[in-house]
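Notes follow once the structure below has been shown.
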Amino acid sequence: MGRKKLWRLEELEGFDNLIQFTDQPEQDDFRLRGIWAKDHFKNSNPITLELACGKGDYTIALAEKHPDRNFIGIDMKGPRLWSGCVAAHERGLTNVAFLRIEILNLAHYFAEGEIDEIWITFPDPFLKNGSSNKRLTATRYLEAYKQVTKAGAAIHLKTDSSPLFEFSLRSLRDNRCAVEEKVDDVHDDEERHEDLYIKTNYEKKHLADNRIIKYLRFSLAE
Ligand SMILES: C[S@@+](CC[C@H](N)C(=O)[O-])C[C@H]1O[C@@H](n2cnc3c(N)ncnc32)[C@H](O)[C@@H]1O
């Protein structure tokens, strides 16, 4: 690991808006399960997760636009989360937290029905043969979301990857999820809800490469 990444990992230890797993999980790692709003955010506002948040661009932008909601960016890579933690501090955002965990383990960190909404932003498409179960719309991930979301919670997916988009549509159908909105080109001429136009680090790179951004909004089977 490079020196910059190591330094960022060390500095993360001191951030009060980051919760990290430990290699040997202890009870204390799960201390906020079921009480995130009350104990961490000191309010009773709804909670949105950004999964695969990387540097947390969506989390930060959504938190600025919606001060009456709480936002938690989740990724397993600490040095990327560092950028989000710093941005939240610099902007004085108290409705933002970051959590460094494997997304499959959501149910260890959140109680049933604790989450109101999920954004999945530019997840890795995992195109190699045999790696499709690592995609964040594979059945085992949908089951993990089911364990922590309220009934009917909106789940948003943005991607530039056609194979991932097509895979997601098949997986949602196989898992009896309801697709509520499907957009084949987010940046066409039609006007849609504002939150859709927040651009992450990866989205900016994809747009510079003239890639088409796709979007799905769905809810899990009851
Ligand atoms: C392509 S990056 C996108 C980052 C950000 N959403 C953006 O658009 O700039 C995908 C991110 O997903 C994270 N990731 C992939 N699978 C994950 C998993 N199972 N649990 C936690 N993080 C994951 C990676 O660490 C990486 O930061």
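Residues in the structure tokens are numbered from 1 in each chain, the chains being A, B, ... in the order shown, and ligands are numbered from 1 in the order shown.
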Would you mind listing, for every residue of chain A within 9 Å of ligand 1, the two atoms forming the shortest contact and the distance between them in Å to one decimal, using only C-alpha atoms and all ligand atoms, sorted by chain and ascending residue number, as a tab-separated table?
residue	atom	partner	partner_atom_place_in_ligand_line	distance
A:Glu50	CA	ligand 1	6 (N)	7.9
A:Leu51	CA	ligand 1	22 (N)	6.9
A:Ala52	CA	ligand 1	12 (O)	3.5
A:Cys53	CA	ligand 1	6 (N)	4.0
A:Gly54	CA	ligand 1	4 (C)	3.8
A:Lys55	CA	ligand 1	5 (C)	6.2
A:Gly56	CA	ligand 1	5 (C)	6.7
A:Asp57	CA	ligand 1	9 (O)	6.8
A:Tyr58	CA	ligand 1	6 (N)	7.6
A:Ile74	CA	ligand 1	21 (C)	6.4
A:Asp75	CA	ligand 1	22 (N)	3.7
A:Met76	CA	ligand 1	21 (C)	4.2
A:Lys77	CA	ligand 1	25 (O)	4.8
A:Gly78	CA	ligand 1	25 (O)	8.5
A:Arg80	CA	ligand 1	27 (O)	6.6
A:Leu81	CA	ligand 1	27 (O)	8.3
A:Arg100	CA	ligand 1	21 (C)	7.4
A:Ile101	CA	ligand 1	21 (C)	5.8
A:Glu102	CA	ligand 1	20 (N)	3.7
A:Ile103	CA	ligand 1	20 (N)	4.0
A:Leu104	CA	ligand 1	19 (N)	6.1
A:Asn105	CA	ligand 1	20 (N)	8.4
A:Ile120	CA	ligand 1	6 (N)	7.1
A:Thr121	CA	ligand 1	6 (N)	4.3
A:Phe122	CA	ligand 1	8 (O)	4.5
A:Pro123	CA	ligand 1	10 (C)	4.4
A:Asp124	CA	ligand 1	1 (C)	4.7
A:Pro125	CA	ligand 1	1 (C)	8.0
A:Lys134	CA	ligand 1	19 (N)	6.7
A:Arg135	CA	ligand 1	16 (N)	7.4
A:Leu136	CA	ligand 1	19 (N)	7.0
A:Tyr141	CA	ligand 1	19 (N)	8.5
A:Lys158	CA	ligand 1	8 (O)	8.5
A:Thr159	CA	ligand 1	8 (O)	8.4
A:Lys199	CA	ligand 1	8 (O)	7.7
A:Thr200	CA	ligand 1	9 (O)	4.5
A:Asn201	CA	ligand 1	9 (O)	4.0
A:Tyr202	CA	ligand 1	9 (O)	4.0
A:Glu203	CA	ligand 1	8 (O)	5.7
A:Lys204	CA	ligand 1	9 (O)	8.3
A:Lys205	CA	ligand 1	9 (O)	8.9
I need the residues from that last selection saved to file as a short mmCIF file (atom, residue, chain, number, x, y, z; two decimals), in the first residue's frame (with N, CA and C atoms), if you can.
data_model
loop_
_atom_site.label_atom_id
_atom_site.label_comp_id
_atom_site.auth_asym_id
_atom_site.auth_seq_id
_atom_site.Cartn_x
_atom_site.Cartn_y
_atom_site.Cartn_z
N GLU A 50 -25.74 5.16 1.04
CA GLU A 50 -25.12 5.10 -0.28
C GLU A 50 -24.15 3.93 -0.25
N LEU A 51 -24.42 2.89 -1.06
CA LEU A 51 -23.56 1.70 -1.07
C LEU A 51 -22.51 1.83 -2.17
N ALA A 52 -21.31 1.29 -1.90
CA ALA A 52 -20.18 1.43 -2.84
C ALA A 52 -19.88 2.91 -3.04
N CYS A 53 -19.88 3.67 -1.94
CA CYS A 53 -19.87 5.14 -2.04
C CYS A 53 -18.52 5.70 -2.46
N GLY A 54 -17.43 4.90 -2.40
CA GLY A 54 -16.12 5.43 -2.77
C GLY A 54 -15.81 6.67 -1.95
N LYS A 55 -15.64 7.80 -2.63
CA LYS A 55 -15.29 9.05 -1.93
C LYS A 55 -16.52 9.74 -1.33
N GLY A 56 -17.69 9.13 -1.49
CA GLY A 56 -18.88 9.63 -0.80
C GLY A 56 -19.52 10.84 -1.46
N ASP A 57 -19.33 10.99 -2.77
CA ASP A 57 -19.86 12.19 -3.44
C ASP A 57 -21.38 12.30 -3.33
N TYR A 58 -22.08 11.18 -3.53
CA TYR A 58 -23.55 11.23 -3.45
C TYR A 58 -23.99 11.52 -2.02
N ILE A 74 -21.25 3.91 2.53
CA ILE A 74 -20.63 2.63 2.90
C ILE A 74 -19.69 2.15 1.80
N ASP A 75 -18.50 1.77 2.21
CA ASP A 75 -17.52 1.20 1.28
C ASP A 75 -16.53 0.40 2.12
N MET A 76 -15.79 -0.53 1.46
CA MET A 76 -14.82 -1.27 2.25
C MET A 76 -13.42 -0.64 2.16
N LYS A 77 -13.28 0.36 1.30
CA LYS A 77 -11.94 0.95 1.12
C LYS A 77 -11.78 2.24 1.92
N GLY A 78 -10.96 2.15 2.98
CA GLY A 78 -10.77 3.28 3.89
C GLY A 78 -10.22 4.53 3.23
N ARG A 80 -10.54 5.76 0.39
CA ARG A 80 -11.56 6.49 -0.38
C ARG A 80 -12.52 7.21 0.56
N LEU A 81 -12.91 6.50 1.64
CA LEU A 81 -13.85 7.11 2.59
C LEU A 81 -13.25 8.36 3.25
N ARG A 100 -17.20 1.70 7.20
CA ARG A 100 -16.27 0.90 6.40
C ARG A 100 -16.52 -0.58 6.69
N ILE A 101 -17.33 -1.17 5.82
CA ILE A 101 -17.67 -2.59 6.00
C ILE A 101 -17.88 -3.26 4.63
N GLU A 102 -17.96 -4.57 4.62
CA GLU A 102 -18.42 -5.33 3.46
C GLU A 102 -19.96 -5.23 3.45
N ILE A 103 -20.50 -4.84 2.31
CA ILE A 103 -21.94 -4.56 2.22
C ILE A 103 -22.80 -5.79 2.58
N LEU A 104 -22.28 -6.97 2.30
CA LEU A 104 -23.05 -8.19 2.62
C LEU A 104 -23.38 -8.27 4.10
N ASN A 105 -22.59 -7.59 4.93
CA ASN A 105 -22.77 -7.68 6.38
C ASN A 105 -23.68 -6.60 6.96
N ILE A 120 -27.23 3.01 -4.90
CA ILE A 120 -26.07 2.19 -5.28
C ILE A 120 -25.44 2.91 -6.47
N THR A 121 -24.27 3.50 -6.25
CA THR A 121 -23.72 4.39 -7.28
C THR A 121 -22.48 3.79 -7.93
N PHE A 122 -22.58 3.53 -9.20
CA PHE A 122 -21.47 3.02 -10.01
C PHE A 122 -20.71 1.87 -9.34
N PRO A 123 -21.44 0.81 -8.99
CA PRO A 123 -20.77 -0.34 -8.39
C PRO A 123 -19.88 -1.02 -9.42
N ASP A 124 -18.85 -1.72 -8.96
CA ASP A 124 -17.98 -2.46 -9.89
C ASP A 124 -18.84 -3.45 -10.66
N PRO A 125 -18.67 -3.54 -11.99
CA PRO A 125 -19.53 -4.45 -12.77
C PRO A 125 -19.14 -5.94 -12.65
N LYS A 134 -20.72 -11.20 -7.07
CA LYS A 134 -20.16 -10.04 -6.34
C LYS A 134 -20.89 -8.76 -6.73
N ARG A 135 -21.76 -8.82 -7.75
CA ARG A 135 -22.47 -7.61 -8.18
C ARG A 135 -23.50 -7.22 -7.12
N LEU A 136 -23.65 -5.91 -6.93
CA LEU A 136 -24.49 -5.46 -5.81
C LEU A 136 -25.99 -5.61 -6.06
N TYR A 141 -27.06 -10.03 -2.29
CA TYR A 141 -27.06 -8.62 -1.86
C TYR A 141 -28.49 -8.11 -1.67
N LYS A 158 -27.35 3.51 -10.17
CA LYS A 158 -26.81 4.24 -11.34
C LYS A 158 -25.58 3.49 -11.82
N THR A 159 -25.48 3.30 -13.13
CA THR A 159 -24.33 2.59 -13.68
C THR A 159 -24.05 3.02 -15.12
N LYS A 199 -23.31 14.08 -9.58
CA LYS A 199 -22.30 13.30 -10.31
C LYS A 199 -21.18 12.86 -9.37
N THR A 200 -20.95 11.55 -9.32
CA THR A 200 -19.84 11.04 -8.51
C THR A 200 -18.54 11.17 -9.31
N ASN A 201 -17.46 10.90 -8.58
CA ASN A 201 -16.14 10.86 -9.19
C ASN A 201 -16.13 9.96 -10.45
N TYR A 202 -16.70 8.76 -10.31
CA TYR A 202 -16.70 7.82 -11.44
C TYR A 202 -17.62 8.31 -12.56
N GLU A 203 -18.77 8.88 -12.18
CA GLU A 203 -19.69 9.36 -13.24
C GLU A 203 -19.01 10.44 -14.08
N LYS A 204 -18.26 11.33 -13.43
CA LYS A 204 -17.58 12.39 -14.19
C LYS A 204 -16.60 11.77 -15.20
N LYS A 205 -15.87 10.73 -14.74
CA LYS A 205 -14.91 10.07 -15.65
C LYS A 205 -15.65 9.40 -16.81
#
Study note, to complete from the structure: Between A:Arg192, A:Arg8, A:His108, A:Arg173, smallest distance to Ala144 (chain A) by only C-alpha atoms belongs to A:His108
Practice item. For Ala154 (chain A), please output as an MDAnalysis selection string all residues within 7 Å (counting only C-alpha atoms; exclusion window: fewer than 2 positions along the same chain). Key: chainID A and resid 117:118 152 156 217:219
Would you export the selected residues with N, CA and C atoms as an mmCIF file, in the first residue's frame, please?
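Final output, saved to result-v1.cif:
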data_model
loop_
_atom_site.group_PDB
_atom_site.id
_atom_site.type_symbol
_atom_site.label_atom_id
_atom_site.label_comp_id
_atom_site.auth_asym_id
_atom_site.auth_seq_id
_atom_site.Cartn_x
_atom_site.Cartn_y
_atom_site.Cartn_z
ATOM 1 N N GLU A 117 -34.050 4.243 2.547
ATOM 2 C CA GLU A 117 -33.726 4.412 1.125
ATOM 3 C C GLU A 117 -32.281 3.984 0.894
ATOM 4 N N ILE A 118 -31.999 3.477 -0.326
ATOM 5 C CA ILE A 118 -30.623 3.084 -0.668
ATOM 6 C C ILE A 118 -30.265 3.640 -2.047
ATOM 7 N N GLY A 152 -41.112 -1.495 1.075
ATOM 8 C CA GLY A 152 -41.332 -0.551 -0.029
ATOM 9 C C GLY A 152 -40.245 0.503 -0.184
ATOM 10 N N HIS A 156 -32.095 2.867 -5.494
ATOM 11 C CA HIS A 156 -31.701 3.508 -6.747
ATOM 12 C C HIS A 156 -30.368 2.921 -7.202
ATOM 13 N N ARG A 217 -34.856 2.496 -10.515
ATOM 14 C CA ARG A 217 -35.390 2.616 -9.136
ATOM 15 C C ARG A 217 -36.292 1.414 -8.921
ATOM 16 N N PHE A 218 -36.065 0.701 -7.830
ATOM 17 C CA PHE A 218 -36.869 -0.500 -7.583
ATOM 18 C C PHE A 218 -37.140 -0.654 -6.094
ATOM 19 N N SER A 219 -38.101 -1.545 -5.801
ATOM 20 C CA SER A 219 -38.308 -1.909 -4.400
ATOM 21 C C SER A 219 -38.273 -3.429 -4.306
#
**Study point:** Selection near Leu18 (chain A), 9 Å with only C-alpha atoms, sequence-local residues under 5 positions removed, as number ranges by chain
**Key:** A: 12-13, 81-82, 85, 97-100
Export of the given selection (N, CA and C atoms) as a PDB file, in the first residue's frame:
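Saved result, again-v3.pdb, follows:
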ATOM      1  N   LEU A  12      -7.943   8.120   9.581  1.00  0.00           N
ATOM      2  CA  LEU A  12      -9.354   7.751   9.728  1.00  0.00           C
ATOM      3  C   LEU A  12      -9.708   7.405  11.169  1.00  0.00           C
ATOM      4  N   GLU A  13      -8.698   6.860  11.886  1.00  0.00           N
ATOM      5  CA  GLU A  13      -8.940   6.463  13.289  1.00  0.00           C
ATOM      6  C   GLU A  13      -9.491   7.631  14.102  1.00  0.00           C
ATOM      7  N   LEU A  81     -12.908   6.505   1.640  1.00  0.00           N
ATOM      8  CA  LEU A  81     -13.847   7.113   2.589  1.00  0.00           C
ATOM      9  C   LEU A  81     -13.253   8.358   3.251  1.00  0.00           C
ATOM     10  N   TRP A  82     -11.926   8.370   3.341  1.00  0.00           N
ATOM     11  CA  TRP A  82     -11.230   9.527   3.931  1.00  0.00           C
ATOM     12  C   TRP A  82     -11.714  10.819   3.276  1.00  0.00           C
ATOM     13  N   CYS A  85     -15.146  11.779   4.572  1.00  0.00           N
ATOM     14  CA  CYS A  85     -15.102  12.243   5.970  1.00  0.00           C
ATOM     15  C   CYS A  85     -14.603  13.682   6.026  1.00  0.00           C
ATOM     16  N   ALA A  97     -22.579  10.206   7.951  1.00  0.00           N
ATOM     17  CA  ALA A  97     -21.598   9.309   8.569  1.00  0.00           C
ATOM     18  C   ALA A  97     -21.078   8.372   7.481  1.00  0.00           C
ATOM     19  N   PHE A  98     -19.948   7.755   7.737  1.00  0.00           N
ATOM     20  CA  PHE A  98     -19.411   6.751   6.816  1.00  0.00           C
ATOM     21  C   PHE A  98     -19.137   5.475   7.597  1.00  0.00           C
ATOM     22  N   LEU A  99     -19.315   4.368   6.912  1.00  0.00           N
ATOM     23  CA  LEU A  99     -19.160   3.060   7.554  1.00  0.00           C
ATOM     24  C   LEU A  99     -18.289   2.206   6.645  1.00  0.00           C
ATOM     25  N   ARG A 100     -17.202   1.703   7.202  1.00  0.00           N
ATOM     26  CA  ARG A 100     -16.269   0.899   6.401  1.00  0.00           C
ATOM     27  C   ARG A 100     -16.522  -0.581   6.686  1.00  0.00           C
TER      28      ARG A 100
END
Review point. Region 7-72 of chain A: which residues are alpha helix (DSSP H) by DSSP, as a PyMOL selection string?
Key: chain A and resi 7-12+57-65
Write the selection just made, keeping C-alpha atoms, as a PDB file, in the first residue's frame?
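Wrote selection26.pdb, looks like this:
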ATOM      1  CA  TRP A   7      -1.501   7.893   6.057  1.00  0.00           C
ATOM      2  CA  ARG A   8      -5.208   8.249   5.233  1.00  0.00           C
ATOM      3  CA  LEU A   9      -5.978   4.943   6.971  1.00  0.00           C
ATOM      4  CA  GLU A  10      -4.163   6.137  10.100  1.00  0.00           C
ATOM      5  CA  GLU A  11      -5.962   9.475  10.051  1.00  0.00           C
ATOM      6  CA  LEU A  12      -9.354   7.751   9.728  1.00  0.00           C
ATOM      7  CA  ASP A  57     -19.861  12.193  -3.443  1.00  0.00           C
ATOM      8  CA  TYR A  58     -23.546  11.226  -3.446  1.00  0.00           C
ATOM      9  CA  THR A  59     -23.698  11.022   0.331  1.00  0.00           C
ATOM     10  CA  ILE A  60     -22.286  14.540   0.719  1.00  0.00           C
ATOM     11  CA  ALA A  61     -24.430  16.112  -2.019  1.00  0.00           C
ATOM     12  CA  LEU A  62     -27.643  14.445  -0.796  1.00  0.00           C
ATOM     13  CA  ALA A  63     -26.903  15.488   2.800  1.00  0.00           C
ATOM     14  CA  GLU A  64     -26.496  19.117   1.722  1.00  0.00           C
ATOM     15  CA  LYS A  65     -29.758  19.034  -0.219  1.00  0.00           C
TER      16      LYS A  65
END
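Residues of region 25-62 of chain A carrying a DSSP assignment of strand (DSSP E), computed from the backbone, are Ile47, Thr48, Leu49, Glu50 and Leu51 of chain A.
Restricting the calculation to only C-alpha atoms, the smallest distance between Gly34 (chain A) and any of A:Asp184, A:Leu196, A:Asp160, A:Glu114 is found for A:Glu114.
For Leu216 (chain A), the residues within 8 Å (counting only C-alpha atoms, excluding itself and residues fewer than 4 positions away along the chain) are His156, Leu157, Lys158, Val179, Glu180, Glu181, Lys182 and Val183 of chain A.
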Now that the selection is made, can you save its residues with N, CA and C atoms as a CSV table (one decimal), in the first residue's frame?
chain,number,residue,atom,x,y,z
A,156,HIS,N,-32.1,2.9,-5.5
A,156,HIS,CA,-31.7,3.5,-6.7
A,156,HIS,C,-30.4,2.9,-7.2
A,157,LEU,N,-30.3,2.6,-8.5
A,157,LEU,CA,-29.0,2.1,-9.0
A,157,LEU,C,-28.6,3.0,-10.2
A,158,LYS,N,-27.3,3.5,-10.2
A,158,LYS,CA,-26.8,4.2,-11.3
A,158,LYS,C,-25.6,3.5,-11.8
A,179,VAL,N,-39.7,-3.0,-10.5
A,179,VAL,CA,-38.9,-1.9,-11.1
A,179,VAL,C,-39.9,-0.7,-11.3
A,180,GLU,N,-39.6,0.4,-10.6
A,180,GLU,CA,-40.5,1.5,-10.6
A,180,GLU,C,-40.1,2.6,-11.6
A,181,GLU,N,-38.9,2.6,-12.0
A,181,GLU,CA,-38.4,3.6,-13.0
A,181,GLU,C,-37.2,3.0,-13.7
A,182,LYS,N,-37.1,3.1,-15.0
A,182,LYS,CA,-36.0,2.6,-15.7
A,182,LYS,C,-35.6,3.7,-16.7
A,183,VAL,N,-34.4,4.2,-16.6
A,183,VAL,CA,-33.9,5.2,-17.6
A,183,VAL,C,-32.7,4.7,-18.3
Review point. Got a sec: who's within 12 Å of Asp28 (chain A), counting only C-alpha atoms, leaving out chain neighbours fewer than 5 positions off, as number ranges by chain?
Key: A: 19-22, 33, 108-109
For N, CA and C atoms, I'd like the residues from the last selection saved as a CSV table (one decimal), in the first residue's frame.
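Writing the result to result-v9.csv gives the following:
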chain,number,residue,atom,x,y,z
A,19,ILE,N,-17.3,5.0,11.1
A,19,ILE,CA,-17.3,3.8,12.0
A,19,ILE,C,-16.6,2.7,11.1
A,20,GLN,N,-15.6,2.1,11.7
A,20,GLN,CA,-14.9,1.0,10.9
A,20,GLN,C,-15.1,-0.3,11.6
A,21,PHE,N,-15.1,-1.4,10.8
A,21,PHE,CA,-15.1,-2.7,11.4
A,21,PHE,C,-13.7,-3.0,11.9
A,22,THR,N,-13.6,-4.0,12.8
A,22,THR,CA,-12.2,-4.4,13.2
A,22,THR,C,-12.0,-5.8,12.6
A,33,ARG,N,-26.4,-0.5,16.0
A,33,ARG,CA,-27.4,-1.2,15.3
A,33,ARG,C,-28.8,-0.9,16.0
A,108,HIS,N,-25.5,-6.9,10.3
A,108,HIS,CA,-24.8,-6.8,11.6
A,108,HIS,C,-24.8,-5.3,12.2
A,109,TYR,N,-25.0,-4.4,11.3
A,109,TYR,CA,-24.8,-3.0,11.6
A,109,TYR,C,-26.1,-2.2,11.7
**Study point:** Long-range neighbours of region 68-70 of chain A as a list in words, 7 Å cut-off, only C-alpha atoms, 3 positions minimum in chain
**Key:**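 These residues fall inside the cut-off: Asn45, Pro46, Ile47, Thr48, Ala63, Asn95 and Val96 of chain A.
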Given the selection you just returned, output its residues as a file containing N, CA and C atoms, formatted as an mmCIF file, in the first residue's frame.
data_model
loop_
_atom_site.group_PDB
_atom_site.id
_atom_site.type_symbol
_atom_site.label_atom_id
_atom_site.label_comp_id
_atom_site.auth_asym_id
_atom_site.auth_seq_id
_atom_site.Cartn_x
_atom_site.Cartn_y
_atom_site.Cartn_z
ATOM 1 N N ASN A 45 -34.699 11.331 12.287
ATOM 2 C CA ASN A 45 -34.898 11.481 10.837
ATOM 3 C C ASN A 45 -34.646 10.175 10.086
ATOM 4 N N PRO A 46 -35.250 10.041 8.890
ATOM 5 C CA PRO A 46 -35.026 8.832 8.092
ATOM 6 C C PRO A 46 -33.568 8.695 7.630
ATOM 7 N N ILE A 47 -33.190 7.451 7.352
ATOM 8 C CA ILE A 47 -31.789 7.169 6.980
ATOM 9 C C ILE A 47 -31.695 6.644 5.545
ATOM 10 N N THR A 48 -30.809 7.266 4.767
ATOM 11 C CA THR A 48 -30.476 6.797 3.414
ATOM 12 C C THR A 48 -29.059 6.245 3.427
ATOM 13 N N ALA A 63 -26.807 14.946 1.430
ATOM 14 C CA ALA A 63 -26.903 15.488 2.800
ATOM 15 C C ALA A 63 -27.043 17.005 2.770
ATOM 16 N N ASN A 95 -25.375 15.540 9.427
ATOM 17 C CA ASN A 95 -26.301 14.456 9.036
ATOM 18 C C ASN A 95 -25.616 13.428 8.132
ATOM 19 N N VAL A 96 -24.285 13.313 8.238
ATOM 20 C CA VAL A 96 -23.507 12.375 7.413
ATOM 21 C C VAL A 96 -22.624 11.494 8.279
#
